[in-house]
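Below is input.cif, which holds mmCIF, C-alpha atoms.
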data_model
loop_
_atom_site.group_PDB
_atom_site.id
_atom_site.type_symbol
_atom_site.label_atom_id
_atom_site.label_comp_id
_atom_site.auth_asym_id
_atom_site.auth_seq_id
_atom_site.Cartn_x
_atom_site.Cartn_y
_atom_site.Cartn_z
ATOM 1 C CA MET Y 250 -23.479 -17.580 4.191
ATOM 2 C CA GLU Y 251 -25.744 -20.655 4.344
ATOM 3 C CA ASP Y 252 -25.324 -22.865 7.401
ATOM 4 C CA ILE Y 253 -23.206 -25.902 6.502
ATOM 5 C CA GLY Y 254 -25.370 -28.251 8.549
ATOM 6 C CA GLU Y 255 -28.601 -27.124 6.863
ATOM 7 C CA SER Y 256 -27.000 -27.429 3.450
ATOM 8 C CA LEU Y 257 -25.821 -30.952 4.161
ATOM 9 C CA THR Y 258 -29.198 -32.042 5.536
ATOM 10 C CA ARG Y 259 -31.073 -30.684 2.520
ATOM 11 C CA MET Y 260 -28.640 -32.342 0.141
ATOM 12 C CA ILE Y 261 -29.174 -35.726 1.803
ATOM 13 C CA LYS Y 262 -32.964 -35.435 1.775
ATOM 14 C CA GLU Y 263 -33.263 -34.141 -1.777
ATOM 15 C CA ARG Y 264 -30.741 -36.460 -3.424
ATOM 16 C CA ASN Y 265 -30.947 -39.460 -1.113
ATOM 17 C CA LEU Y 266 -27.174 -39.515 -0.764
ATOM 18 C CA ASN Y 267 -27.078 -41.674 2.336
ATOM 19 C CA HIS Y 268 -23.947 -43.512 1.219
ATOM 20 C CA LYS Y 269 -22.158 -40.259 0.505
ATOM 21 C CA TYR Y 270 -23.343 -38.910 3.824
ATOM 22 C CA GLU Y 271 -21.863 -41.908 5.603
ATOM 23 C CA GLU Y 272 -18.545 -41.316 3.860
ATOM 24 C CA LEU Y 273 -18.530 -37.675 4.901
ATOM 25 C CA ILE Y 274 -19.357 -38.527 8.497
ATOM 26 C CA GLN Y 275 -16.705 -41.227 8.592
ATOM 27 C CA GLU Y 276 -14.146 -38.716 7.347
ATOM 28 C CA VAL Y 277 -15.206 -36.366 10.132
ATOM 29 C CA LEU Y 278 -15.056 -39.045 12.825
ATOM 30 C CA ASP Y 279 -11.610 -40.162 11.628
ATOM 31 C CA ASP Y 280 -10.202 -36.696 12.172
ATOM 32 C CA LEU Y 281 -7.661 -36.882 15.003
ATOM 33 C CA ASP Y 282 -8.742 -33.589 16.582
ATOM 34 C CA VAL Y 283 -12.381 -34.665 16.521
ATOM 35 C CA LYS Y 284 -11.488 -38.017 18.096
ATOM 36 C CA GLN Y 285 -9.502 -36.317 20.835
ATOM 37 C CA PHE Y 286 -12.244 -33.792 21.588
ATOM 38 C CA ILE Y 287 -14.936 -36.476 21.847
ATOM 39 C CA ALA Y 288 -12.683 -38.626 24.030
ATOM 40 C CA GLU Y 289 -11.928 -35.743 26.383
ATOM 41 C CA ASN Y 290 -15.620 -34.849 26.726
ATOM 42 C CA ARG Y 291 -17.203 -38.339 26.496
ATOM 43 C CA GLN Y 292 -18.763 -38.109 29.940
ATOM 44 C CA LYS Y 293 -20.706 -35.023 28.845
ATOM 45 C CA LEU Y 294 -21.630 -36.335 25.387
ATOM 46 C CA ASN Y 295 -23.929 -39.252 24.737
ATOM 47 C CA ASP Y 296 -24.269 -40.895 21.328
ATOM 48 C CA GLU Y 297 -27.379 -38.904 20.439
ATOM 49 C CA ALA Y 298 -25.621 -35.607 21.168
ATOM 50 C CA ILE Y 299 -22.680 -36.617 18.970
ATOM 51 C CA ILE Y 300 -25.017 -37.581 16.112
ATOM 52 C CA LYS Y 301 -26.877 -34.279 16.386
ATOM 53 C CA SER Y 302 -23.502 -32.511 16.304
ATOM 54 C CA TYR Y 303 -22.366 -34.089 13.026
ATOM 55 C CA ALA Y 304 -23.039 -30.897 11.078
ATOM 56 C CA LYS Y 305 -20.812 -28.860 13.396
ATOM 57 C CA LEU Y 306 -18.112 -31.521 13.298
ATOM 58 C CA TYR Y 307 -18.272 -31.441 9.493
ATOM 59 C CA GLU Y 308 -17.978 -27.652 9.547
ATOM 60 C CA TYR Y 309 -14.956 -27.913 11.834
ATOM 61 C CA VAL Y 310 -13.100 -30.391 9.622
ATOM 62 C CA GLN Y 311 -13.786 -28.450 6.422
ATOM 63 C CA GLU Y 312 -12.790 -25.087 7.887
ATOM 64 C CA LYS Y 313 -9.649 -26.612 9.388
ATOM 65 C CA LYS Y 314 -8.635 -27.776 5.909
ATOM 66 C CA LYS Y 315 -9.225 -24.303 4.522
ATOM 67 C CA PHE Y 316 -7.247 -22.758 7.358
ATOM 68 C CA ASN Y 317 -4.275 -25.027 6.673
ATOM 69 C CA LEU Y 318 -4.445 -24.115 2.989
ATOM 70 C CA LYS Y 319 -4.948 -20.404 3.836
ATOM 71 C CA LYS Y 320 -7.719 -20.313 1.257
ATOM 72 C CA GLY Y 321 -11.504 -19.930 1.289
ATOM 73 C CA MET Y 322 -11.841 -19.491 5.057
ATOM 74 C CA MET Y 323 -15.087 -18.161 6.503
ATOM 75 C CA ALA Y 324 -13.066 -15.991 8.885
ATOM 76 C CA PRO Y 325 -9.580 -15.316 7.493
ATOM 77 C CA GLY Y 326 -6.921 -15.356 10.213
ATOM 78 C CA TYR Y 327 -9.148 -17.335 12.591
ATOM 79 C CA HIS Y 328 -8.903 -21.094 13.053
ATOM 80 C CA PRO Y 329 -11.850 -23.303 14.067
ATOM 81 C CA LYS Y 330 -12.035 -24.766 17.544
ATOM 82 C CA LEU Y 331 -14.443 -27.347 18.969
ATOM 83 C CA VAL Y 332 -16.324 -26.378 22.116
ATOM 84 C CA LEU Y 333 -19.185 -27.717 24.202
ATOM 85 C CA ASN Y 334 -22.451 -25.798 24.028
ATOM 86 C CA TYR Y 335 -25.175 -27.123 26.342
ATOM 87 C CA HIS Y 336 -24.016 -30.751 25.949
ATOM 88 C CA TYR Y 337 -23.724 -30.439 22.176
ATOM 89 C CA ILE Y 338 -20.631 -29.850 20.087
ATOM 90 C CA ASP Y 339 -20.222 -26.435 18.533
ATOM 91 C CA VAL Y 340 -17.539 -24.570 16.571
ATOM 92 C CA THR Y 341 -15.988 -21.280 17.508
ATOM 93 C CA TYR Y 342 -13.271 -19.331 15.740
ATOM 94 C CA VAL Y 343 -10.185 -18.034 17.525
ATOM 95 C CA PRO Y 344 -7.444 -15.783 16.158
ATOM 96 C CA SER Y 345 -4.316 -17.522 14.941
ATOM 97 C CA ALA Y 346 -0.904 -16.819 16.445
ATOM 98 C CA GLU Y 347 0.025 -15.045 13.218
ATOM 99 C CA LEU Y 348 -3.043 -12.800 13.391
ATOM 100 C CA ILE Y 349 -2.439 -12.040 17.076
ATOM 101 C CA ALA Y 350 1.155 -11.049 16.278
ATOM 102 C CA LYS Y 351 -0.004 -8.787 13.431
ATOM 103 C CA GLN Y 352 -2.657 -7.180 15.636
ATOM 104 C CA LYS Y 353 -0.120 -6.601 18.409
ATOM 105 C CA GLU Y 354 2.349 -5.001 16.015
ATOM 106 C CA LEU Y 355 -0.432 -2.783 14.640
ATOM 107 C CA GLU Y 356 -1.350 -1.701 18.172
ATOM 108 C CA ILE Y 357 2.302 -0.850 18.800
ATOM 109 C CA LYS Y 358 2.587 1.173 15.586
ATOM 110 C CA ASN Y 359 -0.634 3.024 16.422
ATOM 111 C CA ARG Y 360 0.980 4.213 19.664
ATOM 112 C CA ILE Y 361 3.704 5.986 17.682
ATOM 113 C CA TYR Y 362 2.662 9.130 15.845
ATOM 114 C CA SER Y 363 5.432 9.968 13.389
ATOM 115 C CA MET Y 364 5.751 12.955 11.101
ATOM 116 C CA ASP Y 365 8.067 12.809 8.076
ATOM 117 C CA MET Y 366 10.179 10.011 9.512
ATOM 118 C CA PRO Y 367 11.835 7.415 7.224
ATOM 119 C CA LYS Y 368 10.550 3.845 7.145
ATOM 120 C CA ASP Y 369 13.575 2.339 8.889
ATOM 121 C CA VAL Y 370 13.045 4.725 11.818
ATOM 122 C CA ARG Y 371 9.316 3.961 12.034
ATOM 123 C CA ASN Y 372 10.170 0.247 12.225
ATOM 124 C CA ALA Y 373 13.279 0.623 14.422
ATOM 125 C CA LYS Y 374 13.856 -1.731 17.349
ATOM 126 C CA LEU Y 375 16.496 -1.646 20.051
ATOM 127 C CA ALA Y 376 17.279 -5.301 19.400
ATOM 128 C CA ASP Y 377 18.320 -4.361 15.862
ATOM 129 C CA PHE Y 378 20.389 -1.339 16.866
ATOM 130 C CA GLU Y 379 24.022 -2.027 16.039
ATOM 131 C CA MET Y 380 26.106 -1.626 19.167
ATOM 132 C CA THR Y 381 29.504 0.049 18.889
ATOM 133 C CA ASP Y 382 31.783 1.623 21.490
ATOM 134 C CA GLU Y 383 30.763 5.072 20.238
ATOM 135 C CA ARG Y 384 27.075 4.258 20.689
ATOM 136 C CA ARG Y 385 27.326 2.437 24.001
ATOM 137 C CA LEU Y 386 26.773 5.461 26.254
ATOM 138 C CA ALA Y 387 23.694 6.641 24.329
ATOM 139 C CA VAL Y 388 22.147 3.163 24.335
ATOM 140 C CA SER Y 389 22.853 2.821 28.053
ATOM 141 C CA GLU Y 390 21.088 6.135 28.700
ATOM 142 C CA VAL Y 391 18.099 4.969 26.659
ATOM 143 C CA TYR Y 392 17.800 1.797 28.723
ATOM 144 C CA ASN Y 393 18.150 3.816 31.922
ATOM 145 C CA PHE Y 394 15.280 6.050 30.847
ATOM 146 C CA ILE Y 395 13.090 3.051 29.971
ATOM 147 C CA HIS Y 396 13.750 1.462 33.370
ATOM 148 C CA ASP Y 397 13.110 4.660 35.313
ATOM 149 C CA TYR Y 398 10.019 5.586 33.305
ATOM 150 C CA LEU Y 399 8.418 2.153 33.606
ATOM 151 C CA THR Y 400 9.159 2.137 37.333
ATOM 152 C CA ASN Y 401 7.242 5.387 37.854
ATOM 153 C CA PRO Y 402 5.592 6.865 34.724
ATOM 154 C CA LYS Y 403 4.010 9.718 36.698
ATOM 155 C CA ALA Y 404 7.309 11.117 37.973
ATOM 156 C CA PHE Y 405 9.381 13.590 35.970
ATOM 157 C CA HIS Y 406 12.080 11.907 33.924
ATOM 158 C CA LYS Y 407 14.578 13.877 31.885
ATOM 159 C CA GLY Y 408 14.700 12.943 28.248
ATOM 160 C CA LEU Y 409 17.860 12.855 26.144
ATOM 161 C CA TYR Y 410 19.449 15.387 23.842
ATOM 162 C CA LEU Y 411 21.272 13.146 21.368
ATOM 163 C CA GLN Y 412 24.049 15.116 19.716
ATOM 164 C CA GLY Y 413 26.318 13.879 16.977
ATOM 165 C CA SER Y 414 27.290 14.243 13.358
ATOM 166 C CA PHE Y 415 25.123 13.176 10.450
ATOM 167 C CA GLY Y 416 24.395 9.457 10.177
ATOM 168 C CA VAL Y 417 25.619 8.184 13.547
ATOM 169 C CA GLY Y 418 22.206 6.731 14.462
ATOM 170 C CA LYS Y 419 20.550 9.429 16.571
ATOM 171 C CA THR Y 420 17.177 9.328 14.789
ATOM 172 C CA TYR Y 421 17.139 5.537 14.563
ATOM 173 C CA LEU Y 422 17.795 5.303 18.304
ATOM 174 C CA LEU Y 423 14.862 7.614 19.003
ATOM 175 C CA GLY Y 424 12.644 5.460 16.791
ATOM 176 C CA ALA Y 425 13.808 2.307 18.585
ATOM 177 C CA LEU Y 426 13.067 3.946 21.950
ATOM 178 C CA ALA Y 427 9.586 4.934 20.758
ATOM 179 C CA HIS Y 428 8.913 1.347 19.660
ATOM 180 C CA GLU Y 429 10.133 -0.049 22.981
ATOM 181 C CA LEU Y 430 7.839 2.310 24.897
ATOM 182 C CA ALA Y 431 4.938 1.482 22.584
ATOM 183 C CA GLU Y 432 5.408 -2.214 23.342
ATOM 184 C CA LYS Y 433 4.921 -1.328 27.007
ATOM 185 C CA GLY Y 434 1.706 0.542 26.197
ATOM 186 C CA PHE Y 435 2.955 4.149 26.081
ATOM 187 C CA SER Y 436 2.259 6.578 23.238
ATOM 188 C CA THR Y 437 4.989 8.659 21.638
ATOM 189 C CA THR Y 438 5.068 11.500 19.111
ATOM 190 C CA LEU Y 439 8.173 11.405 16.924
ATOM 191 C CA MET Y 440 8.632 14.200 14.423
ATOM 192 C CA HIS Y 441 11.170 15.769 12.120
ATOM 193 C CA PHE Y 442 11.236 19.295 13.536
ATOM 194 C CA PRO Y 443 12.186 21.197 10.317
ATOM 195 C CA SER Y 444 9.220 19.563 8.544
ATOM 196 C CA PHE Y 445 6.967 20.415 11.461
ATOM 197 C CA ALA Y 446 8.120 24.043 11.271
ATOM 198 C CA VAL Y 447 7.120 24.168 7.587
ATOM 199 C CA GLU Y 448 3.753 22.618 8.397
ATOM 200 C CA MET Y 449 3.147 25.160 11.143
ATOM 201 C CA LYS Y 450 3.790 28.016 8.714
ATOM 202 C CA GLN Y 451 1.356 26.477 6.223
ATOM 203 C CA SER Y 452 -1.250 26.018 8.954
ATOM 204 C CA ILE Y 453 -1.567 29.791 9.345
ATOM 205 C CA GLY Y 454 -3.558 29.997 6.118
ATOM 206 C CA LYS Y 455 -5.662 27.002 7.119
ATOM 207 C CA ASN Y 456 -6.409 28.491 10.529
ATOM 208 C CA ASN Y 457 -5.422 25.352 12.456
ATOM 209 C CA THR Y 458 -2.132 26.482 13.977
ATOM 210 C CA GLY Y 459 -3.443 26.264 17.523
ATOM 211 C CA GLU Y 460 -4.760 22.742 17.026
ATOM 212 C CA LYS Y 461 -1.418 21.451 15.753
ATOM 213 C CA LEU Y 462 0.494 23.183 18.521
ATOM 214 C CA GLU Y 463 -1.802 21.752 21.198
ATOM 215 C CA PHE Y 464 -1.357 18.214 19.878
ATOM 216 C CA VAL Y 465 2.443 18.409 19.953
ATOM 217 C CA LYS Y 466 2.954 20.226 23.237
ATOM 218 C CA LYS Y 467 0.635 17.821 25.088
ATOM 219 C CA ALA Y 468 2.103 14.605 23.650
ATOM 220 C CA PRO Y 469 2.754 12.152 26.526
ATOM 221 C CA ILE Y 470 6.274 11.565 25.209
ATOM 222 C CA LEU Y 471 7.706 13.884 22.549
ATOM 223 C CA MET Y 472 10.760 13.415 20.336
ATOM 224 C CA LEU Y 473 11.943 16.356 18.255
ATOM 225 C CA ASP Y 474 14.352 15.158 15.603
ATOM 226 C CA ASP Y 475 16.973 17.239 13.786
ATOM 227 C CA ILE Y 476 16.734 20.427 15.818
ATOM 228 C CA GLY Y 477 18.950 23.020 14.171
ATOM 229 C CA ALA Y 478 18.937 21.467 10.697
ATOM 230 C CA ASP Y 479 17.336 24.542 9.110
ATOM 231 C CA SER Y 480 17.414 28.227 9.887
ATOM 232 C CA MET Y 481 14.659 29.230 12.269
ATOM 233 C CA SER Y 482 12.413 32.256 12.197
ATOM 234 C CA SER Y 483 11.777 34.153 15.409
ATOM 235 C CA TRP Y 484 8.120 33.022 15.249
ATOM 236 C CA ILE Y 485 9.025 29.318 15.065
ATOM 237 C CA ARG Y 486 11.623 29.748 17.794
ATOM 238 C CA ASP Y 487 9.526 31.771 20.243
ATOM 239 C CA ASP Y 488 5.870 31.044 19.470
ATOM 240 C CA VAL Y 489 6.177 27.410 18.426
ATOM 241 C CA LEU Y 490 9.267 25.756 19.918
ATOM 242 C CA GLY Y 491 9.276 28.059 22.938
ATOM 243 C CA VAL Y 492 5.590 27.424 23.686
ATOM 244 C CA ILE Y 493 6.021 23.661 23.305
ATOM 245 C CA LEU Y 494 9.018 23.534 25.630
ATOM 246 C CA GLN Y 495 7.487 25.871 28.205
ATOM 247 C CA TYR Y 496 4.369 23.728 28.483
ATOM 248 C CA ARG Y 497 6.350 20.515 28.714
ATOM 249 C CA MET Y 498 8.634 21.978 31.355
ATOM 250 C CA GLN Y 499 5.664 23.096 33.442
ATOM 251 C CA GLU Y 500 3.882 19.753 33.062
ATOM 252 C CA GLN Y 501 7.156 17.783 33.386
ATOM 253 C CA LEU Y 502 6.559 15.716 30.269
ATOM 254 C CA PRO Y 503 9.385 13.554 28.836
ATOM 255 C CA THR Y 504 10.997 15.276 25.864
ATOM 256 C CA PHE Y 505 13.792 14.097 23.565
ATOM 257 C CA PHE Y 506 15.879 15.859 20.953
ATOM 258 C CA SER Y 507 18.391 14.977 18.293
ATOM 259 C CA SER Y 508 20.733 17.456 16.683
ATOM 260 C CA ASN Y 509 23.997 17.811 14.804
ATOM 261 C CA PHE Y 510 24.748 20.689 17.202
ATOM 262 C CA ASP Y 511 25.714 20.300 20.833
ATOM 263 C CA MET Y 512 23.686 22.441 23.223
ATOM 264 C CA LYS Y 513 26.169 25.290 23.256
ATOM 265 C CA GLN Y 514 26.351 25.382 19.451
ATOM 266 C CA LEU Y 515 22.551 25.211 19.172
ATOM 267 C CA GLU Y 516 22.245 28.285 21.370
ATOM 268 C CA GLU Y 517 25.035 30.377 19.873
ATOM 269 C CA GLU Y 518 25.003 29.317 16.222
ATOM 270 C CA HIS Y 519 21.365 28.524 15.556
ATOM 271 C CA LEU Y 520 18.849 29.944 18.008
ATOM 272 C CA ARG Y 521 20.620 33.229 18.631
ATOM 273 C CA VAL Y 522 20.465 34.579 15.060
ATOM 274 C CA THR Y 523 17.110 34.547 13.239
ATOM 275 C CA GLN Y 524 16.448 34.139 9.519
ATOM 276 C CA ARG Y 525 16.475 37.941 9.224
ATOM 277 C CA GLY Y 526 19.904 38.138 10.812
ATOM 278 C CA GLU Y 527 18.661 39.517 14.133
ATOM 279 C CA ASP Y 528 20.991 38.713 17.036
ATOM 280 C CA GLU Y 529 18.849 37.787 20.054
ATOM 281 C CA PRO Y 530 21.028 36.074 22.692
ATOM 282 C CA LEU Y 531 18.526 36.407 25.547
ATOM 283 C CA LYS Y 532 15.746 34.681 23.617
ATOM 284 C CA ALA Y 533 18.120 31.922 22.583
ATOM 285 C CA LYS Y 534 19.219 31.497 26.194
ATOM 286 C CA ARG Y 535 15.600 31.287 27.328
ATOM 287 C CA ILE Y 536 14.912 28.434 24.893
ATOM 288 C CA MET Y 537 18.042 26.580 25.944
ATOM 289 C CA GLU Y 538 17.146 26.828 29.630
ATOM 290 C CA ARG Y 539 14.016 24.837 28.830
ATOM 291 C CA VAL Y 540 15.925 22.334 26.699
ATOM 292 C CA ARG Y 541 18.481 21.749 29.465
ATOM 293 C CA TYR Y 542 15.718 21.321 32.027
ATOM 294 C CA LEU Y 543 13.957 18.738 29.880
ATOM 295 C CA ALA Y 544 16.861 16.705 28.535
ATOM 296 C CA LYS Y 545 20.317 15.413 29.313
ATOM 297 C CA GLU Y 546 22.949 15.952 26.626
ATOM 298 C CA VAL Y 547 24.495 12.745 25.286
ATOM 299 C CA ASN Y 548 27.148 12.753 22.579
ATOM 300 C CA MET Y 549 27.102 10.116 19.837
ATOM 301 C CA THR Y 550 30.188 9.693 17.711
ATOM 302 C CA GLY Y 551 31.291 7.309 15.009
ATOM 303 C CA SER Y 552 31.244 6.916 11.261
ATOM 304 C CA ASN Y 553 28.310 7.792 9.037
ATOM 305 C CA ARG Y 554 26.334 4.525 9.027
ATOM 306 C CA ARG Y 555 24.360 5.567 5.952
ATOM 307 C CA HIS Y 556 27.520 5.409 3.862
ATOM 308 C CA LEU Y 557 28.040 1.817 4.998
ATOM 309 C CA GLN Y 558 24.639 0.556 3.859
#
Structure re-expressed in structure tokens:
Amino acid sequence: MEDIGESLTRMIKERNLNHKYEELIQEVLDDLDVKQFIAENRQKLNDEAIIKSYAKLYEYVQEKKKFNLKKGMMAPGYHPKLVLNYHYIDVTYVPSAELIAKQKELEIKNRIYSMDMPKDVRNAKLADFEMTDERRLAVSEVYNFIHDYLTNPKAFHKGLYLQGSFGVGKTYLLGALAHELAEKGFSTTLMHFPSFAVEMKQSIGKNNTGEKLEFVKKAPILMLDDIGADSMSSWIRDDVLGVILQYRMQEQLPTFFSSNFDMKQLEEEHLRVTQRGEDEPLKAKRIMERVRYLAKEVNMTGSNRRHLQ
């Protein structure tokens, strides 16, 4: 883009538009922000320096107009600002409050890796979580975890095993927790476990099973949503879920779950019997020992909120 000052100077010389030039400069000098800046820095600016800075002052006024109109800006999202540069006036561009807010929200969203989660969960916030008597205990436990984790992120903190019927807000609460932690600078992996199980099976043919497993088991904070929603093969139970939980137990990494089953039901009605109908109580018990080590069971009751929307 051609420098505004050079363009203006050439126009004046080539077309002899001295009168027009005077009008443009007068418009610039009448600008309230320009007046205030010159007044605040008058001791550092003599008349010659101000005259030599006319081009930059003109650039400032024109770009400020464009910024206010949100149209034709040299740097969209950035507003012009007058600064001193070696006793001359210069223009710099600083991000607007709106741009800063957008960038901050993008940084927050980038700290949350979500897999097959609905939009309302990806955008969930604790401030928007509807408080009811049935939800009060779960929300209180979430705030307790946030407080304890922020106090000492390197210590082991038990996650939560949110148990309740369909639609009571378990997944949304996990999403809101992830967003709250992301605002504090912590990364979270939030995934729909049945979808992850399908993806792991598909990864066998693509030869990237190990890579996917490594990413999930080493997540700084992991949230496994909807455990028990689908029947589970012995491979998913033992070589995927079991490996993830074993690693996280050894490394003492925060882990959260949501399920329609309570822990006892998950063990006896879901993990114990495989897709092939094999009854394996010891393997189910081994998985549940890891779950109980990693998370505290919290019951959520109430009506199905999805039917009320």
Interatomic distance (Å, one decimal) between atom CA of Leu399 of chain Y and atom CA of Ala346 of chain Y |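 Calculated distance between atom CA of Leu399 of chain Y and atom CA of Ala346 of chain Y is 27.2 Å.
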Shell around Gly477 of chain Y at 9 Å using only C-alpha atoms, local window under 5 positions removed, as a list in words | Phe442, Pro443, Ser508, Asn509, Phe510, Leu515, Glu518, His519 and Leu520 of chain Y
Write the residues you've just listed into a file as a PDB file, keeping the file's coordinate frame, and include C-alpha atoms for each of them.
ATOM      1  CA  PHE Y 442      11.236  19.295  13.536  1.00  0.00           C
ATOM      2  CA  PRO Y 443      12.186  21.197  10.317  1.00  0.00           C
ATOM      3  CA  SER Y 508      20.733  17.456  16.683  1.00  0.00           C
ATOM      4  CA  ASN Y 509      23.997  17.811  14.804  1.00  0.00           C
ATOM      5  CA  PHE Y 510      24.748  20.689  17.202  1.00  0.00           C
ATOM      6  CA  LEU Y 515      22.551  25.211  19.172  1.00  0.00           C
ATOM      7  CA  GLU Y 518      25.003  29.317  16.222  1.00  0.00           C
ATOM      8  CA  HIS Y 519      21.365  28.524  15.556  1.00  0.00           C
ATOM      9  CA  LEU Y 520      18.849  29.944  18.008  1.00  0.00           C
TER      10      LEU Y 520
END
List the neighbours of segment 286-299 of chain Y out to 8 Å using all atoms listed in the file; skip same-chain residues closer than 6 positions along the sequence, and give me the result as a CSV table (one decimal) with C-alpha atoms, keeping the file's coordinate frame.
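Done, and the output landed in out32.csv:
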chain,number,residue,atom,x,y,z
Y,331,LEU,CA,-14.4,-27.3,19.0
Y,336,HIS,CA,-24.0,-30.8,25.9
Y,337,TYR,CA,-23.7,-30.4,22.2
Y,338,ILE,CA,-20.6,-29.8,20.1
Explicit residues for the PyMOL selection byres ((chain Y and resi 516) around 10) (as a ChimeraX atom specification) | /Y:477,510-515,517-522,530-538
If you apply the PyMOL selection byres ((chain Y and resi 273-277) around 8) to this file, what residues do you get, as a tab-separated table (two decimals) with C-alpha atoms, in the coordinates of the input?
chain	number	residue	atom	x	y	z
Y	269	LYS	CA	-22.16	-40.26	0.50
Y	270	TYR	CA	-23.34	-38.91	3.82
Y	271	GLU	CA	-21.86	-41.91	5.60
Y	272	GLU	CA	-18.55	-41.32	3.86
Y	278	LEU	CA	-15.06	-39.04	12.82
Y	279	ASP	CA	-11.61	-40.16	11.63
Y	280	ASP	CA	-10.20	-36.70	12.17
Y	283	VAL	CA	-12.38	-34.66	16.52
Y	303	TYR	CA	-22.37	-34.09	13.03
Y	306	LEU	CA	-18.11	-31.52	13.30
Y	307	TYR	CA	-18.27	-31.44	9.49
Y	310	VAL	CA	-13.10	-30.39	9.62
Using all atoms listed in the file, which residues sit within 8 Å of Ile357 of chain Y once same-chain residues fewer than 3 positions away are excluded, as a ChimeraX atom specification?
-> /Y:353-354,360-361,428,431-432,434
